[in-house]
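Chemist: I am attaching a structure below and will ask some questions about it afterwards.
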Amino acid sequence: MARALIVGCGCRGRAVGEALLAEGWAVRGTSRRESGLAAIEAAGIEPALADPDRPGTILELVGDVAVVLYLLGSAQGEPDALAAIHGPRLERLAEHLVDTPVRGVVYEASGSVDTALLDGGVEILRTAERTWRIPVAILGKGDSALGATLSVISQPTNLNS
């Protein structure tokens with residue numbers, strides 16, 4: 001059974017998680033706050049505390065994960081924090097994913113976060129895709145996260161090419 005890790009398991013993340021569960025996936029969802037874990041668990045998703053501003057907390061959760069869904073296009077916070085999680089923190093995470101079982105990344109590139117930050121995140125992940133051959137799917141407004149997840153998992157990776 002494949003496992004997905006949803007980083008930013010808010011409303012959209014829980015909906016995607018439920019769809020993945022219905023497809024037979026195991027799903028783990030993260031929240032930066034303890035208060036967010038109950039809603040994740042109520043959706044049938046394994047809850048985990050992790051902060052995208054601290055990539056190590058996410059990397060601790062990927063030992064048995066096939067796909068990471070980075071659903072932070074509408075994350076809230078201080079501008080500097082948002083810039084970090086879509087910039088250098090995302091880059092650090094991508095650099096370390098190559099040494100894990102992760103076979104693909106789905107990135108939410110639309111939402112309330114500044115478009116320039118989201119575009120920067122897309123470029124970081126496209127660079128990781130070219131450098132380490134980690135398949136990446138970019139979610140635009142209205143795109144299916146479930147479809148992107150199933151698509152990215154079927155692409156060749158650095159491990160099976």
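Labels used: A, B, ... for chains in the order of the structure tokens, numbers from 1 for residues in each chain, and numbers from 1 for ligands as shown.
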Would you mind writing down, as a PyMOL selection string, each residue of chain A that DSSP on the backbone assigns to strand (DSSP E or B)?
Modeler: chain A and resi 3-7+26-31+46-49+67-70+104-108+136-139
Chemist: Considering only C-alpha atoms, tabulate each residue of region 61-110 of chain A that lies at most 6 Å from region 114-132 of chain A along with its nearest interatomic pair and the corresponding distance in Å to one decimal; arrange the rows by chain and ascending residue number and present them as a tab-separated table.
Modeler:
residue	atom	partner	partner_atom	distance
A:His86	CA	A:Gly121	CA	5.0
A:Gly87	CA	A:Gly121	CA	5.9
A:Glu91	CA	A:Ile124	CA	6.0
A:Ala109	CA	A:Leu118	CA	5.2
Chemist: Restricting the calculation to only C-alpha atoms: of A:Arg92, A:Gly24, A:Ile40, A:Pro79, which residue gets closest to Ile58 (chain A)?
Modeler: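 Using only C-alpha atoms, the shortest distance to Ile58 (chain A) belongs to A:Arg92.
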Chemist: Kindly indicate which residue among A:Ala84, A:Val102, A:Val65, A:Val136 lies nearest to Ala26 (chain A), using only C-alpha atoms for the distances.
Modeler: A:Val65
Chemist: Pick from A:Leu90, A:Leu150, A:Leu5, A:Ala75: nearest to Glu46 (chain A), with only C-alpha atoms counted?
Modeler: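 Looking at the shortest contact to Glu46 (chain A), the residue is A:Leu5.
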Chemist: Show me, as an MDAnalysis selection string, the residues that have an atom within 12 Å of Ala145 (chain A) when counting only C-alpha atoms, minus same-chain residues fewer than 4 positions from it.
Modeler: chainID A and resid 4 6 12:20 67:71 105:110 137:141 149:152
Chemist: Which residue out of A:Ala66, A:Met1, A:Gly111, A:Ala83 has the minimum interatomic distance to Ser154 (chain A) when only C-alpha atoms are used?
Modeler: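 Smallest distance to Ser154 (chain A) is found for A:Ala66.
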Chemist: Give me, please, the distance in Å between CA of Arg133 (chain A) and CA of Ile45 (chain A), quoted to one decimal.
Modeler: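 CA of Ile45 (chain A) lies at a distance of 28.7 Å from CA of Arg133 (chain A).
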